[in-house]
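Here's final-v2.cif, which has mmCIF, C-alpha atoms and all ligand atoms:
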data_structure
loop_
_atom_site.label_atom_id
_atom_site.label_comp_id
_atom_site.auth_asym_id
_atom_site.auth_seq_id
_atom_site.Cartn_x
_atom_site.Cartn_y
_atom_site.Cartn_z
CA MET U 91 90.71 115.75 85.43
CA ARG U 92 91.50 119.46 85.64
CA ASP U 93 92.97 121.05 82.47
CA GLU U 94 96.25 121.75 84.21
CA ALA U 95 96.78 118.06 84.94
CA ARG U 96 95.57 116.96 81.51
CA ASP U 97 97.88 119.35 79.63
CA GLN U 98 100.86 117.95 81.42
CA ARG U 99 100.00 114.27 81.01
CA GLY U 100 103.28 113.77 79.15
CA SER U 101 105.10 114.55 82.38
CA MET U 102 102.87 112.38 84.52
CA PRO U 103 104.78 109.92 86.69
CA ALA U 104 104.70 106.29 85.58
CA HIS U 105 104.82 105.06 89.15
CA VAL U 106 103.62 106.75 92.33
CA ALA U 107 104.18 105.26 95.77
CA ILE U 108 102.27 106.48 98.81
CA ILE U 109 102.98 106.35 102.54
CA MET U 110 99.42 106.59 103.85
CA ASP U 111 99.97 108.25 107.21
CA GLY U 112 97.65 109.90 109.71
CA ASN U 113 94.74 107.48 110.15
CA GLY U 114 95.29 107.29 113.91
CA ARG U 115 95.41 111.06 114.42
CA TRP U 116 92.36 111.55 112.20
CA ALA U 117 90.35 109.20 114.43
CA GLU U 118 91.73 110.45 117.75
CA ARG U 119 90.84 114.04 116.85
CA ARG U 120 87.25 112.89 116.45
CA GLY U 121 87.21 110.88 119.68
CA MET U 122 87.06 107.66 117.67
CA SER U 123 89.16 104.49 117.91
CA ARG U 124 92.25 104.34 115.70
CA LEU U 125 90.64 101.49 113.80
CA ASN U 126 87.93 103.85 112.62
CA GLY U 127 90.69 105.94 111.11
CA HIS U 128 92.05 102.91 109.27
CA ARG U 129 88.55 102.08 108.01
CA LYS U 130 88.19 105.61 106.62
CA GLY U 131 91.70 105.19 105.20
CA ALA U 132 90.55 102.10 103.29
CA GLU U 133 87.77 104.17 101.69
CA VAL U 134 90.38 106.67 100.52
CA VAL U 135 92.42 103.78 99.07
CA ARG U 136 89.38 102.86 96.99
CA GLU U 137 88.93 106.46 95.80
CA VAL U 138 92.61 106.92 94.88
CA VAL U 139 92.79 103.58 93.04
CA ARG U 140 89.65 104.46 91.08
CA ALA U 141 91.19 107.80 90.08
CA CYS U 142 94.32 106.28 88.51
CA PRO U 143 93.03 105.42 85.00
CA GLU U 144 91.63 108.94 84.51
CA LEU U 145 94.94 110.40 85.64
CA GLY U 146 96.87 108.17 83.23
CA LEU U 147 98.78 106.50 86.05
CA ARG U 148 99.91 102.91 85.39
CA HIS U 149 101.65 101.99 88.64
CA LEU U 150 100.51 102.73 92.18
CA THR U 151 102.20 101.33 95.29
CA LEU U 152 100.65 101.71 98.74
CA PHE U 153 102.39 101.21 102.08
CA ALA U 154 99.71 99.40 104.08
CA PHE U 155 101.66 97.71 106.91
CA SER U 156 105.34 97.91 107.78
CA THR U 157 107.65 95.40 109.43
CA GLU U 158 107.64 97.82 112.38
CA ASN U 159 103.84 98.06 112.66
CA TRP U 160 103.71 94.77 114.64
CA LYS U 161 104.80 96.86 117.64
CA ARG U 162 101.35 98.45 117.79
CA PRO U 163 98.74 97.20 120.29
CA ALA U 164 97.49 93.71 119.37
CA ARG U 165 93.95 95.03 118.98
CA GLU U 166 95.05 97.52 116.30
CA VAL U 167 97.19 94.93 114.48
CA LEU U 168 94.35 92.40 114.45
CA GLY U 169 91.93 95.08 113.29
CA LEU U 170 94.23 96.07 110.44
CA MET U 171 94.65 92.45 109.35
CA ALA U 172 90.86 92.02 109.35
CA LEU U 173 90.59 95.21 107.29
CA PHE U 174 93.05 93.91 104.70
CA ARG U 175 91.07 90.67 104.40
CA ARG U 176 87.83 92.63 104.05
CA TYR U 177 89.34 94.98 101.46
CA ILE U 178 90.54 92.08 99.29
CA ARG U 179 87.20 90.27 99.50
CA ALA U 180 85.18 93.43 98.83
CA GLU U 181 87.31 94.86 96.02
CA ALA U 182 88.44 91.74 94.15
CA ASP U 183 85.60 91.75 91.57
CA GLU U 184 85.92 95.45 90.75
CA LEU U 185 89.72 95.36 90.56
CA ALA U 186 89.66 92.29 88.32
CA SER U 187 86.99 93.69 85.98
CA LYS U 188 88.64 97.12 85.69
CA GLY U 189 91.91 95.62 84.48
CA VAL U 190 93.88 96.19 87.67
CA ARG U 191 96.73 93.83 88.38
CA VAL U 192 97.32 93.48 92.10
CA ARG U 193 100.57 92.36 93.61
CA PHE U 194 101.83 92.33 97.15
CA ILE U 195 105.33 93.08 98.39
CA GLY U 196 106.76 92.30 101.82
CA GLU U 197 107.52 89.22 103.86
CA ARG U 198 104.40 87.04 103.84
CA GLY U 199 105.44 84.33 106.28
CA ARG U 200 104.32 86.29 109.34
CA LEU U 201 100.85 87.03 107.95
CA HIS U 202 97.92 84.78 108.86
CA PRO U 203 97.55 81.91 106.35
CA SER U 204 94.00 83.01 105.53
CA LEU U 205 95.29 86.44 104.49
CA GLN U 206 98.18 84.91 102.55
CA LYS U 207 95.66 82.77 100.68
CA LEU U 208 93.48 85.75 99.74
CA MET U 209 96.55 87.68 98.59
CA ALA U 210 97.81 84.83 96.39
CA ALA U 211 94.34 84.27 94.91
CA LEU U 212 93.95 87.95 94.00
CA GLU U 213 97.42 88.03 92.44
CA THR U 214 96.64 84.96 90.36
CA ARG U 215 93.19 86.22 89.36
CA THR U 216 94.51 89.60 88.18
CA ALA U 217 97.87 88.46 86.76
CA GLY U 218 96.77 89.06 83.16
CA ASN U 219 95.63 92.67 83.74
CA ASP U 220 97.67 95.70 82.82
CA GLU U 221 95.54 98.86 83.02
CA LEU U 222 97.00 99.62 86.43
CA VAL U 223 99.50 97.70 88.54
CA LEU U 224 98.45 98.16 92.16
CA THR U 225 101.18 97.04 94.54
CA ILE U 226 100.29 96.75 98.20
CA ALA U 227 103.15 96.64 100.70
CA LEU U 228 102.12 94.35 103.58
CA ASN U 229 104.62 93.46 106.30
CA TYR U 230 107.07 95.37 104.17
CA GLY U 231 110.35 96.99 105.20
CA GLY U 232 113.02 98.21 102.81
CA ARG U 233 115.85 96.86 104.95
CA ASP U 234 114.14 93.50 105.36
CA GLU U 235 113.59 93.31 101.59
CA LEU U 236 117.26 94.14 100.90
CA ALA U 237 118.44 91.57 103.46
CA ARG U 238 116.22 88.90 101.86
CA ALA U 239 117.59 89.81 98.42
CA ALA U 240 121.18 89.63 99.73
CA ARG U 241 120.49 86.18 101.22
CA ALA U 242 119.00 84.98 97.93
CA LEU U 243 122.10 86.16 96.04
CA ALA U 244 124.42 84.61 98.64
CA ARG U 245 122.62 81.28 98.22
CA ARG U 246 123.05 81.46 94.44
CA VAL U 247 126.75 82.22 94.83
CA ALA U 248 127.13 79.34 97.32
CA ALA U 249 125.35 77.01 94.89
CA GLY U 250 127.81 78.02 92.16
CA GLU U 251 125.08 79.51 89.98
CA ILE U 252 126.77 82.93 89.79
CA GLU U 253 130.19 84.40 90.60
CA ALA U 254 130.34 86.80 93.56
CA ASP U 255 132.04 89.36 91.33
CA ALA U 256 129.15 89.15 88.87
CA VAL U 257 126.71 90.60 91.42
CA THR U 258 125.53 94.02 90.18
CA GLY U 259 122.84 96.53 91.03
CA ASP U 260 120.64 94.88 88.42
CA SER U 261 121.09 91.40 89.88
CA LEU U 262 120.23 92.73 93.34
CA ALA U 263 117.16 94.55 91.99
CA ALA U 264 116.04 91.30 90.34
CA GLU U 265 115.84 89.66 93.79
CA LEU U 266 113.71 92.43 95.31
CA ASP U 267 109.96 91.98 95.82
CA THR U 268 109.43 94.75 93.27
CA CYS U 269 111.21 92.87 90.47
CA GLY U 270 109.67 93.92 87.15
CA LEU U 271 108.18 97.18 88.45
CA PRO U 272 109.60 100.52 87.32
CA ASP U 273 111.17 102.56 90.11
CA PRO U 274 108.77 105.08 91.65
CA ASP U 275 109.02 108.57 90.16
CA LEU U 276 107.18 110.13 93.04
CA VAL U 277 106.73 109.16 96.68
CA ILE U 278 103.90 110.90 98.51
CA ARG U 279 103.58 110.94 102.29
CA THR U 280 100.56 112.38 104.00
CA SER U 281 100.12 113.78 107.53
CA GLY U 282 102.98 116.31 107.45
CA GLU U 283 105.69 113.87 108.54
CA MET U 284 108.90 114.14 106.49
CA ARG U 285 110.36 110.66 106.75
CA ILE U 286 110.63 107.71 104.40
CA SER U 287 110.21 105.13 107.19
CA ASN U 288 111.98 102.21 105.52
CA PHE U 289 109.83 102.40 102.36
CA LEU U 290 111.33 101.37 98.98
CA LEU U 291 114.86 102.28 100.10
CA TRP U 292 116.52 100.93 96.96
CA GLN U 293 113.80 101.73 94.46
CA ALA U 294 113.25 105.37 95.46
CA ALA U 295 116.88 106.39 94.96
CA TYR U 296 115.91 109.02 92.36
CA ALA U 297 112.28 109.56 93.31
CA GLU U 298 110.79 112.97 93.90
CA TYR U 299 109.07 113.40 97.25
CA ALA U 300 105.84 115.19 98.11
CA PHE U 301 105.06 115.68 101.79
CA ILE U 302 101.42 116.61 102.19
CA ASP U 303 99.89 118.08 105.34
CA ALA U 304 96.51 116.34 104.95
CA LEU U 305 95.98 113.23 107.05
CA TRP U 306 95.38 110.15 104.86
CA PRO U 307 91.62 109.94 105.59
CA ASP U 308 91.32 113.56 104.37
CA PHE U 309 93.26 112.84 101.18
CA GLY U 310 91.34 112.00 98.03
CA ALA U 311 91.23 112.16 94.24
CA PRO U 312 91.28 116.01 93.97
CA GLU U 313 94.33 116.29 96.26
CA PHE U 314 96.02 113.40 94.41
CA GLU U 315 95.50 115.16 91.10
CA ARG U 316 96.92 118.39 92.50
CA VAL U 317 100.08 116.61 93.72
CA LEU U 318 100.57 114.97 90.31
CA ALA U 319 100.17 118.32 88.54
CA GLU U 320 102.79 119.81 90.85
CA PHE U 321 105.13 116.89 90.12
CA ALA U 322 104.76 117.48 86.37
CA LYS U 323 106.39 120.89 86.80
CA ARG U 324 109.51 119.55 88.50
CA GLU U 325 112.77 119.19 86.66
CA ARG U 326 114.41 115.79 87.19
CA ARG U 327 118.09 115.47 86.41
CA PHE U 328 119.02 111.98 87.73
CA GLY U 329 122.47 113.25 88.69
CA ALA U 330 123.15 114.87 85.30
CA VAL U 331 123.07 118.57 84.37
CA THR U 332 120.34 120.30 82.41
CA ALA U 333 120.94 120.42 78.64
C1 LIG U 401 99.48 104.92 109.14
O1 LIG U 401 98.69 105.81 109.91
C2 LIG U 401 98.64 103.95 108.50
C3 LIG U 401 98.77 102.59 108.63
C4 LIG U 401 99.79 101.95 109.47
C5 LIG U 401 97.82 101.68 107.98
C6 LIG U 401 97.50 101.98 106.56
C7 LIG U 401 96.27 101.28 106.24
C8 LIG U 401 95.21 101.78 105.58
C9 LIG U 401 95.19 103.09 104.91
C10 LIG U 401 94.00 100.96 105.56
C11 LIG U 401 93.64 100.21 104.38
C12 LIG U 401 94.70 99.81 103.43
C13 LIG U 401 94.46 98.99 102.41
C14 LIG U 401 95.51 98.70 101.43
C15 LIG U 401 93.15 98.39 102.21
P1 LIG U 401 98.90 105.83 111.47
O2 LIG U 401 97.98 104.87 112.10
O3 LIG U 401 100.36 105.62 111.80
O4 LIG U 401 98.48 107.29 111.81
P2 LIG U 401 99.06 108.22 112.96
O5 LIG U 401 100.49 108.54 112.56
O6 LIG U 401 98.17 109.40 112.92
O7 LIG U 401 98.98 107.44 114.24
#
Could you express the structure from this file as structure tokens?
Amino acid sequence: MRDEARDQRGSMPAHVAIIMDGNGRWAERRGMSRLNGHRKGAEVVREVVRACPELGLRHLTLFAFSTENWKRPAREVLGLMALFRRYIRAEADELASKGVRVRFIGERGRLHPSLQKLMAALETRTAGNDELVLTIALNYGGRDELARAARALARRVAAGEIEADAVTGDSLAAELDTCGLPDPDLVIRTSGEMRISNFLLWQAAYAEYAFIDALWPDFGAPEFERVLAEFAKRERRFGAVTA
């Protein structure tokens, strides 16, 4: 870790969420198939996850596949699903032994049962870990998550478990896939695009944003550290005024 980042560890974010964008462009610029870009992107995932303990980061959330990504060509979708399966199989031992707890957010019903099984097994295997909580968003959309939470609350009201007037922000948050996770302090998006694309709509209400020009396959631990050091200098007011 560079001195600059180490000196400011007190201001390090507790939770960083990343929109990993630019795999397709990275590959196309090299005359390669988009899937090759995703494969390189998976290597960067490994590098960034490995960097977290040294950076003092306890929560990392990665946007791997959105509810809108099904609109991509079938070949790319199938390739991505195969990549997720391969990543889980290849990384499970290291993640488990390094104290990483893995959890998945998103709607699982549309994922292939074999992938769902691998996800559930990795969650169970790593449930007791707490060095780093790695959350992977798979078939995730913020609006879909909020709609599912609203349905869950409506069912509880209909069943007479809670009063409609007792529904609060906290009770809604407790029905979200991210229940138990701190809200992200920082959301990073690579590839120069300045959009949030339906990612953590509720949770990122007070997050800082960092839009990075590098395409995801060109991102890595040094760039990650630089973004965190820049975050540490920001003043966050959460709607209040500075003392
Ligand atoms: C967006 O880039 C990226 C994705 C839709 C997939 C993200 C997946 C990975 C980084 C692979 C591995 C992930 C895990 C968790 C193992 P894009 O294809 O939209 O890029 P473009 O905007 O340049 O087309």
- Message: Could you list, as a list of chain:residue names, every residue within 10 Å of Glu253 (chain U), counting all atoms listed in the file and ignoring same-chain residues fewer than 5 positions away?
- Response: U:Leu243, U:Ala244, U:Arg246, U:Val247, U:Ala248
- Task: All residues within 6 Å of ligand LIG 401 (chain U) are required, counting only C-alpha atoms and all ligand atoms; please report them as an MDAnalysis selection string.
- Result: chainID U and resid 110:115 128 131:132 154:155 174 177
- Task: Can you work out the spacing between CA of Tyr299 (chain U) and CA of Val134 (chain U) in Å, to one decimal?
- Result: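 Here the two named atoms are 20.1 Å from each other.
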Using only C-alpha atoms, tabulate the residues of region 216-314 of chain U lying at most 12 Å from any atom of region 188-191 of chain U, each with its closest atom pair and that distance in Å to one decimal, by chain and increasing residue number, as CSV.
residue,atom,partner,partner_atom,distance
U:Thr216,CA,U:Arg191,CA,4.8
U:Ala217,CA,U:Arg191,CA,5.7
U:Gly218,CA,U:Arg191,CA,7.1
U:Asn219,CA,U:Gly189,CA,4.8
U:Asp220,CA,U:Arg191,CA,5.9
U:Glu221,CA,U:Gly189,CA,5.1
U:Leu222,CA,U:Val190,CA,4.8
U:Val223,CA,U:Arg191,CA,4.8
U:Leu224,CA,U:Arg191,CA,6.0
U:Thr225,CA,U:Arg191,CA,8.2
U:Ile226,CA,U:Arg191,CA,10.8
U:Leu271,CA,U:Arg191,CA,11.9
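Taking CA of Phe309 (chain U) as the reference point, CA of Arg140 (chain U) is found at 13.6 Å.
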- Task: Kindly indicate which residue among U:Asn126, U:Ser156, U:Thr280, U:Asn288 lies nearest to Leu173 (chain U), using only C-alpha atoms for the distances.
- Result: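 Closest to Leu173 (chain U), using only C-alpha atoms: U:Asn126.
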May I have the centre and edge lengths, in Å to one decimal, of an axis-aligned box around the listed atoms of region 229-242 of chain U with 6 Å added to every side, as AutoDock Vina command-line options?
--center_x 112.9 --center_y 91.6 --center_z 102.1 --size_x 28.6 --size_y 25.2 --size_z 20.4
